[in-house]
Structures are given as C-alpha cells and as structure tokens.
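Peer 1: Sharing a structure, written as structure tokens. Questions coming.
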Amino acid sequence: MILSQKRPAVFLDRDGVINENVETLTLYKDFHFIKKSEEAIRLLNTAGFLCIVITNQSLVGRGILSLEGLEAIHKQMQTSLKEYNAYIDKIYFCPHHPQYQPECVCRKPGIGMIQEAYRDFNIDTSRSYLVGDATRDIKAGMDAGLKTILVKTGWGGSDGHHSVQPNYIANNLYSAVEIILQKYPRA
C-alpha cells in the first residue's frame, strides 16, 4: 500500500476566528464571517494546505443546540464558502460541556480532535499550524506539536484560562494566513 504524500494542515477554531463570536449561535442567520475569512480559507486551499476546523460546541451538550442544528450551520457555512471558491476539508467538533462530561478528551485544550484529524489525514505536522482566538486553542496546538497563531478577533487571548505564548500573533485570520504563506509559500 502506497501512502499519499504528507500535507500541511491549518487547524482553525470556528467562533472568533472564522465567524464572529455569538453567545448562543443556534441559527445560521446569526453566523457572520469575520472580514476576509472566506478569502483566507481560499488562500489556504490554493496553497495546498488542508483546512480543518476544530471547535468546542458545548451548546449541544447543554441541550441548547441539536446535532442536526449544528450540522445545518456547518453545511451552510460550507455552502457560503463555495461562493468564494473556498472550502473546509473537515470539521471536527466537541459537543461536550465540562459540567456534564468532565472526562472529555476532545474539548480544547484537549487534543482529541487534532489526534482524530491525524488519524484521518496524512498530516505533515512540521509544516502545520493552529489558529485560534482563545488560550485553550493555543494550548491545544502547542500540546499537539503545531505552530500556533493567536488572532486578535473573538477573545483575542483575553480568556486567560491558560498561560501560553503563541508562536505568532495576527490581527485576524487573513493576517494569520499571510504569516503562514510567508513561512511556506509553496505547500
């Protein structure tokens, strides 16, 4: 069996990185892309990076959002990205809430979603990044052996849950992608 060539990946948090933070996002009508996020994802696609979303979605665990509702939001997000010739290769989500499932390994800062992506894709971790707006995102990326970029959108690192130092800081997802492409202009 011949393994496919390893590809670099960019792991993206969803809320606060791709779209604006909304306290209880249960309908796509409340989903709003952060300026130039769609173009940033297209640039990653064009450069040959896998574009993978990893997102904590505790609204499901709290019974506020159904799995079908979450899947509908993600499906519409993918449909909207197509208008920009952009796409997400895969979306991983943790539906758990720590109050109800304290032993969860997939909820960031846990690295369960990243490990699942490692199993699903042949990822070159030496050329891969995690882009997030919260310290839990950066901790997860660091613990998984990825380079990390903290964006100033969303939480902008102000959640203060973890004492971490990202590799880079960017104004938004588009600026983060510019950093990545400067480091690896050809994936």
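Every chain in the structure tokens has a letter given in the order shown (A, B, ...), and although residue numbers restart at 1 in each chain, ligands are simply numbered from 1 in the order shown.
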Segment 88-147 of chain A near segment 60-84 of chain A within 12 Å: what's each residue's closest atom pair and its distance in Å to one decimal, counting only C-alpha atoms, ordered by chain then ascending residue number, as CSV?
Peer 2:
```
residue,atom,partner,partner_atom,distance
A:Ile88,CA,A:Gln78,CA,6.8
A:Asp89,CA,A:Gln78,CA,9.6
A:Lys90,CA,A:Gln78,CA,10.0
A:Ile91,CA,A:His74,CA,7.9
A:Tyr92,CA,A:His74,CA,10.3
A:Phe93,CA,A:Leu70,CA,9.4
A:Cys94,CA,A:Val60,CA,8.7
A:Pro95,CA,A:Val60,CA,5.2
A:His96,CA,A:Gly61,CA,4.7
A:His97,CA,A:Gly61,CA,5.3
A:Pro98,CA,A:Gly61,CA,8.9
A:Gln99,CA,A:Arg62,CA,9.1
A:Tyr100,CA,A:Gly61,CA,7.5
A:Gln101,CA,A:Gly61,CA,8.4
A:Pro102,CA,A:Gly61,CA,11.5
A:Cys104,CA,A:Gly61,CA,11.4
A:Arg107,CA,A:Gly61,CA,11.4
```
Peer 1: Kindly assemble as CSV a list of the segment 13-111 of chain A residues that lie within 9 Å of segment 145-158 of chain A, each paired with its nearest atom pair and their distance in Å to one decimal, using only C-alpha atoms, sorted first by chain and then by ascending residue number.
Peer 2:
```
residue,atom,partner,partner_atom,distance
A:Asp15,CA,A:Gly154,CA,7.1
A:Gly16,CA,A:Gly154,CA,3.7
A:Val17,CA,A:Thr153,CA,6.4
A:Asn19,CA,A:Gly154,CA,8.5
A:Glu20,CA,A:Gly154,CA,6.5
A:Asn21,CA,A:Gly154,CA,5.7
A:Ile34,CA,A:Thr153,CA,8.3
```
Peer 1: Export C-alpha atoms of the chosen residues as a PDB file, in the first residue's frame?
Peer 2:
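result-v4.pdb, written as the output of this step:
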```pdb
ATOM      1  CA  ASP A  15     -16.127  31.103  16.597  1.00  0.00           C
ATOM      2  CA  GLY A  16     -13.967  34.202  16.871  1.00  0.00           C
ATOM      3  CA  VAL A  17     -11.638  33.099  14.066  1.00  0.00           C
ATOM      4  CA  ASN A  19     -17.014  33.918  12.259  1.00  0.00           C
ATOM      5  CA  GLU A  20     -17.883  36.499  14.860  1.00  0.00           C
ATOM      6  CA  ASN A  21     -18.449  35.231  18.380  1.00  0.00           C
ATOM      7  CA  ILE A  34     -15.178  37.896  10.039  1.00  0.00           C
TER       8      ILE A  34
END
```
Peer 1: Tell me, as a PyMOL selection string, which residues lie within 12 Å of Ile180 of chain A, counting only C-alpha atoms; anything in the same chain fewer than 3 positions away does not count.
Peer 2: chain A and resi 8-11+40-41+43-44+47-49+127-131+147-149+167-170+173-177+183-187
Peer 1: Go through A:Asp137, A:Asp143, A:Glu178, A:Asp120 one by one, measure the shortest atom-to-atom distance of each to Lys36 of chain A using only C-alpha atoms, and give the residue with the smallest value.
Peer 2: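 The answer is A:Glu178, which sits nearest to Lys36 of chain A.
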Peer 1: As a PyMOL selection string, which residues of segment 60-170 of chain A does DSSP assign to alpha helix (DSSP H)?
Peer 2: chain A and resi 60-61+67-82+112-120+135-143
Peer 1: For the atom pair atom CA of Ala144 of chain A and atom CA of Arg42 of chain A, what is the interatomic distance in Å to one decimal place?
Peer 2: 24.7 Å
Peer 1: Point out the residue among A:Gln165, A:Ser37, A:Thr125, A:Asn56 with the least atom-to-atom distance to Pro109 of chain A, counting only C-alpha atoms.
Peer 2: A:Asn56
Peer 1: Between atom CA of Thr135 of chain A and atom CA of Asp13 of chain A, what is the distance in Å, rounded to a tenth?
Peer 2: 11.3 Å
Peer 1: Report the distance between atom CA of Ala134 of chain A and atom CA of Gly160 of chain A in Å, rounded to one decimal place.
Peer 2: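 Pair atom CA of Ala134 of chain A / atom CA of Gly160 of chain A returns 7.9 Å.
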